[in-house]
Amino acid sequence: MAEPRRSSLAESASAQGARFLVVEARFYEEIGALLRTGAEAALELAGASYEVASVPGALEIPIAMAIALDRPACRDAAMTALDIVRAQPI
């Protein structure tokens, strides 16, 4: 059976010159900060430029993405930095 061939991210990922939009939901401030840091590190490693838009929670992400990507100075791609935590009653 054939095995998948995977190279490391540093070897294969190049987004040189690409423009990204990162939309982050910051309802949980500490988790959101970690997600944003990870997204920024990956984009910088790939050579991409990016812009960050922050929204209060997960429900606002689709609206923010639609508005931002509809502008004439559109980005090449968009991604989310989102945390959803399910709370359980104790």
# chains A, B, ... in the order shown; residues from 1 in each chain; ligands from 1
>>> residues_around(residues="segment 14-27 of chain A", least_positions_apart="4", cutoff="10 Å", atoms="only C-alpha atoms", output="PyMOL selection string")
chain A and resi 9-10+31-33+35-36+39-40+43-62+64-65+68-69+74-85
>>> write_last_selection(atoms="N, CA and C atoms", output="compact mmCIF listing (two decimals), in the first residue's frame")
# COMPACT_ATOMS: atom_id res chain seq x y z
N LEU A 9 6.35 21.51 7.19
CA LEU A 9 5.73 22.78 6.80
C LEU A 9 6.76 23.77 6.29
N ALA A 10 7.89 23.83 6.92
CA ALA A 10 8.92 24.78 6.53
C ALA A 10 9.44 24.50 5.12
N ILE A 31 -7.09 32.30 25.50
CA ILE A 31 -7.06 31.30 24.43
C ILE A 31 -6.95 32.00 23.08
N GLY A 32 -7.70 33.07 22.90
CA GLY A 32 -7.65 33.82 21.65
C GLY A 32 -6.27 34.36 21.35
N ALA A 33 -5.56 34.82 22.39
CA ALA A 33 -4.21 35.34 22.20
C ALA A 33 -3.27 34.24 21.72
N LEU A 35 -4.14 31.51 20.02
CA LEU A 35 -4.51 31.17 18.64
C LEU A 35 -3.99 32.21 17.65
N ARG A 36 -4.11 33.48 18.01
CA ARG A 36 -3.62 34.54 17.14
C ARG A 36 -2.11 34.46 16.98
N ALA A 39 -1.31 31.67 14.55
CA ALA A 39 -1.66 32.03 13.17
C ALA A 39 -0.65 33.01 12.60
N GLU A 40 -0.26 34.01 13.39
CA GLU A 40 0.72 34.99 12.92
C GLU A 40 2.07 34.33 12.65
N LEU A 43 1.87 32.35 9.34
CA LEU A 43 1.83 33.22 8.17
C LEU A 43 3.18 33.88 7.92
N GLU A 44 3.85 34.31 8.98
CA GLU A 44 5.17 34.92 8.81
C GLU A 44 6.18 33.91 8.30
N LEU A 45 6.11 32.66 8.79
CA LEU A 45 7.00 31.61 8.32
C LEU A 45 6.79 31.33 6.83
N ALA A 46 5.54 31.43 6.38
CA ALA A 46 5.21 31.18 4.98
C ALA A 46 5.48 32.39 4.09
N GLY A 47 5.82 33.52 4.67
CA GLY A 47 6.12 34.71 3.88
C GLY A 47 4.90 35.49 3.45
N ALA A 48 3.79 35.33 4.13
CA ALA A 48 2.55 36.02 3.76
C ALA A 48 2.39 37.30 4.57
N SER A 49 1.65 38.23 4.02
CA SER A 49 1.26 39.41 4.78
C SER A 49 -0.16 39.17 5.28
N TYR A 50 -0.52 39.83 6.37
CA TYR A 50 -1.84 39.59 6.93
C TYR A 50 -2.35 40.82 7.65
N GLU A 51 -3.66 40.81 7.82
CA GLU A 51 -4.37 41.84 8.55
C GLU A 51 -5.27 41.11 9.54
N VAL A 52 -5.44 41.64 10.73
CA VAL A 52 -6.24 40.99 11.77
C VAL A 52 -7.49 41.82 12.04
N ALA A 53 -8.63 41.14 12.08
CA ALA A 53 -9.89 41.77 12.48
C ALA A 53 -10.39 41.02 13.70
N SER A 54 -10.72 41.74 14.75
CA SER A 54 -11.20 41.12 15.98
C SER A 54 -12.70 41.35 16.12
N VAL A 55 -13.39 40.30 16.55
CA VAL A 55 -14.82 40.38 16.81
C VAL A 55 -15.07 39.82 18.21
N PRO A 56 -16.21 40.18 18.82
CA PRO A 56 -16.46 39.76 20.20
C PRO A 56 -16.63 38.25 20.39
N GLY A 57 -17.26 37.57 19.44
CA GLY A 57 -17.53 36.15 19.62
C GLY A 57 -17.70 35.42 18.30
N ALA A 58 -17.97 34.13 18.38
CA ALA A 58 -18.04 33.27 17.20
C ALA A 58 -19.15 33.66 16.22
N LEU A 59 -20.25 34.18 16.72
CA LEU A 59 -21.36 34.51 15.84
C LEU A 59 -21.05 35.65 14.88
N GLU A 60 -20.12 36.50 15.24
CA GLU A 60 -19.78 37.65 14.38
C GLU A 60 -18.74 37.32 13.31
N ILE A 61 -18.11 36.17 13.39
CA ILE A 61 -17.04 35.82 12.43
C ILE A 61 -17.54 35.78 10.98
N PRO A 62 -18.61 35.06 10.66
CA PRO A 62 -19.04 35.03 9.25
C PRO A 62 -19.37 36.41 8.68
N ALA A 64 -18.12 39.37 9.70
CA ALA A 64 -16.87 40.12 9.54
C ALA A 64 -16.11 39.65 8.31
N MET A 65 -16.08 38.34 8.08
CA MET A 65 -15.38 37.81 6.91
C MET A 65 -16.06 38.26 5.61
N ALA A 68 -15.33 42.01 5.03
CA ALA A 68 -13.93 42.27 4.70
C ALA A 68 -13.55 41.73 3.32
N LEU A 69 -14.06 40.56 2.96
CA LEU A 69 -13.69 39.97 1.67
C LEU A 69 -14.47 40.58 0.51
N CYS A 74 -9.40 43.22 -1.78
CA CYS A 74 -9.62 41.88 -1.22
C CYS A 74 -8.32 41.15 -0.92
N ARG A 75 -8.40 40.22 -0.01
CA ARG A 75 -7.26 39.38 0.31
C ARG A 75 -7.31 38.13 -0.55
N ASP A 76 -6.22 37.37 -0.53
CA ASP A 76 -6.17 36.11 -1.25
C ASP A 76 -6.89 35.00 -0.49
N ALA A 77 -6.93 35.10 0.83
CA ALA A 77 -7.57 34.08 1.65
C ALA A 77 -7.94 34.67 3.00
N ALA A 78 -8.78 33.96 3.71
CA ALA A 78 -9.17 34.37 5.06
C ALA A 78 -9.15 33.16 5.96
N MET A 79 -8.85 33.38 7.23
CA MET A 79 -8.85 32.30 8.21
C MET A 79 -9.36 32.83 9.53
N THR A 80 -9.77 31.93 10.39
CA THR A 80 -10.27 32.35 11.69
C THR A 80 -9.35 31.88 12.80
N ALA A 81 -9.27 32.67 13.83
CA ALA A 81 -8.62 32.27 15.07
C ALA A 81 -9.74 32.24 16.09
N LEU A 82 -10.30 31.08 16.31
CA LEU A 82 -11.56 30.95 17.02
C LEU A 82 -11.44 29.91 18.12
N ASP A 83 -12.00 30.20 19.24
CA ASP A 83 -12.10 29.21 20.31
C ASP A 83 -13.55 29.11 20.74
N ILE A 84 -14.03 27.89 20.80
CA ILE A 84 -15.38 27.64 21.31
C ILE A 84 -15.22 26.68 22.47
N VAL A 85 -15.64 27.11 23.63
CA VAL A 85 -15.52 26.31 24.84
C VAL A 85 -16.92 25.92 25.29
>>> select_by_dssp(residues="segment 21-86 of chain A", states="strand (DSSP E)", output="PyMOL selection string")
chain A and resi 21-25+49-55+77-81
>>> select_by_dssp(residues="segment 7-64 of chain A", states="helix (DSSP H, G or I)", output="list of chain:residue names")
A:Leu9, A:Ala10, A:Glu11, A:Ser12, A:Glu29, A:Glu30, A:Ile31, A:Gly32, A:Ala33, A:Leu34, A:Leu35, A:Arg36, A:Thr37, A:Gly38, A:Ala39, A:Glu40, A:Ala41, A:Ala42, A:Leu43, A:Glu44, A:Leu45, A:Ala46, A:Ala58, A:Leu59, A:Glu60, A:Ile61, A:Pro62, A:Ile63, A:Ala64
>>> write_last_selection(atoms="N, CA and C atoms", output="CSV table (one decimal), in the first residue's frame")
chain,number,residue,atom,x,y,z
A,9,LEU,N,6.4,21.5,7.2
A,9,LEU,CA,5.7,22.8,6.8
A,9,LEU,C,6.8,23.8,6.3
A,10,ALA,N,7.9,23.8,6.9
A,10,ALA,CA,8.9,24.8,6.5
A,10,ALA,C,9.4,24.5,5.1
A,11,GLU,N,9.5,23.2,4.7
A,11,GLU,CA,10.0,22.9,3.4
A,11,GLU,C,9.0,23.2,2.3
A,12,SER,N,7.7,23.0,2.5
A,12,SER,CA,6.7,23.0,1.5
A,12,SER,C,5.8,24.3,1.4
A,29,GLU,N,-10.2,35.6,26.2
A,29,GLU,CA,-9.0,36.4,25.9
A,29,GLU,C,-7.7,35.6,25.8
A,30,GLU,N,-7.4,34.8,26.8
A,30,GLU,CA,-6.1,34.1,26.9
A,30,GLU,C,-6.0,33.0,25.7
A,31,ILE,N,-7.1,32.3,25.5
A,31,ILE,CA,-7.1,31.3,24.4
A,31,ILE,C,-6.9,32.0,23.1
A,32,GLY,N,-7.7,33.1,22.9
A,32,GLY,CA,-7.7,33.8,21.6
A,32,GLY,C,-6.3,34.4,21.4
A,33,ALA,N,-5.6,34.8,22.4
A,33,ALA,CA,-4.2,35.3,22.2
A,33,ALA,C,-3.3,34.2,21.7
A,34,LEU,N,-3.4,33.0,22.3
A,34,LEU,CA,-2.6,31.9,21.8
A,34,LEU,C,-2.9,31.5,20.4
A,35,LEU,N,-4.1,31.5,20.0
A,35,LEU,CA,-4.5,31.2,18.6
A,35,LEU,C,-4.0,32.2,17.7
A,36,ARG,N,-4.1,33.5,18.0
A,36,ARG,CA,-3.6,34.5,17.1
A,36,ARG,C,-2.1,34.5,17.0
A,37,THR,N,-1.4,34.2,18.1
A,37,THR,CA,0.1,34.1,18.0
A,37,THR,C,0.5,33.0,17.1
A,38,GLY,N,-0.2,31.8,17.2
A,38,GLY,CA,0.1,30.7,16.3
A,38,GLY,C,-0.2,31.0,14.8
A,39,ALA,N,-1.3,31.7,14.6
A,39,ALA,CA,-1.7,32.0,13.2
A,39,ALA,C,-0.6,33.0,12.6
A,40,GLU,N,-0.3,34.0,13.4
A,40,GLU,CA,0.7,35.0,12.9
A,40,GLU,C,2.1,34.3,12.6
A,41,ALA,N,2.5,33.4,13.5
A,41,ALA,CA,3.8,32.7,13.3
A,41,ALA,C,3.8,31.9,12.0
A,42,ALA,N,2.7,31.2,11.8
A,42,ALA,CA,2.6,30.4,10.6
A,42,ALA,C,2.6,31.2,9.3
A,43,LEU,N,1.9,32.3,9.3
A,43,LEU,CA,1.8,33.2,8.2
A,43,LEU,C,3.2,33.9,7.9
A,44,GLU,N,3.8,34.3,9.0
A,44,GLU,CA,5.2,34.9,8.8
A,44,GLU,C,6.2,33.9,8.3
A,45,LEU,N,6.1,32.7,8.8
A,45,LEU,CA,7.0,31.6,8.3
A,45,LEU,C,6.8,31.3,6.8
A,46,ALA,N,5.5,31.4,6.4
A,46,ALA,CA,5.2,31.2,5.0
A,46,ALA,C,5.5,32.4,4.1
A,58,ALA,N,-18.0,34.1,18.4
A,58,ALA,CA,-18.0,33.3,17.2
A,58,ALA,C,-19.1,33.7,16.2
A,59,LEU,N,-20.2,34.2,16.7
A,59,LEU,CA,-21.4,34.5,15.8
A,59,LEU,C,-21.0,35.6,14.9
A,60,GLU,N,-20.1,36.5,15.2
A,60,GLU,CA,-19.8,37.6,14.4
A,60,GLU,C,-18.7,37.3,13.3
A,61,ILE,N,-18.1,36.2,13.4
A,61,ILE,CA,-17.0,35.8,12.4
A,61,ILE,C,-17.5,35.8,11.0
A,62,PRO,N,-18.6,35.1,10.7
A,62,PRO,CA,-19.0,35.0,9.2
A,62,PRO,C,-19.4,36.4,8.7
A,63,ILE,N,-20.0,37.3,9.5
A,63,ILE,CA,-20.3,38.6,9.0
A,63,ILE,C,-19.1,39.4,8.8
A,64,ALA,N,-18.1,39.4,9.7
A,64,ALA,CA,-16.9,40.1,9.5
A,64,ALA,C,-16.1,39.6,8.3
>>> decode(residues="segment 46-73 of chain A", atoms="C-alpha atoms", output="short mmCIF file (atom, residue, chain, number, x, y, z; two decimals), in the first residue's frame")
data_model
loop_
_atom_site.label_atom_id
_atom_site.label_comp_id
_atom_site.auth_asym_id
_atom_site.auth_seq_id
_atom_site.Cartn_x
_atom_site.Cartn_y
_atom_site.Cartn_z
CA ALA A 46 5.21 31.18 4.98
CA GLY A 47 6.12 34.71 3.88
CA ALA A 48 2.55 36.02 3.76
CA SER A 49 1.26 39.41 4.78
CA TYR A 50 -1.84 39.59 6.93
CA GLU A 51 -4.37 41.84 8.55
CA VAL A 52 -6.24 40.99 11.77
CA ALA A 53 -9.89 41.77 12.48
CA SER A 54 -11.20 41.12 15.98
CA VAL A 55 -14.82 40.38 16.81
CA PRO A 56 -16.46 39.76 20.20
CA GLY A 57 -17.53 36.15 19.62
CA ALA A 58 -18.04 33.27 17.20
CA LEU A 59 -21.36 34.51 15.84
CA GLU A 60 -19.78 37.65 14.38
CA ILE A 61 -17.04 35.82 12.43
CA PRO A 62 -19.04 35.03 9.25
CA ILE A 63 -20.33 38.60 9.04
CA ALA A 64 -16.87 40.12 9.54
CA MET A 65 -15.38 37.81 6.91
CA ALA A 66 -18.12 38.58 4.39
CA ILE A 67 -17.73 42.34 4.85
CA ALA A 68 -13.93 42.27 4.70
CA LEU A 69 -13.69 39.97 1.67
CA ASP A 70 -16.28 41.97 -0.25
CA ARG A 71 -14.09 45.08 -0.35
CA PRO A 72 -12.19 45.84 -3.58
CA ALA A 73 -8.82 45.53 -1.81
#
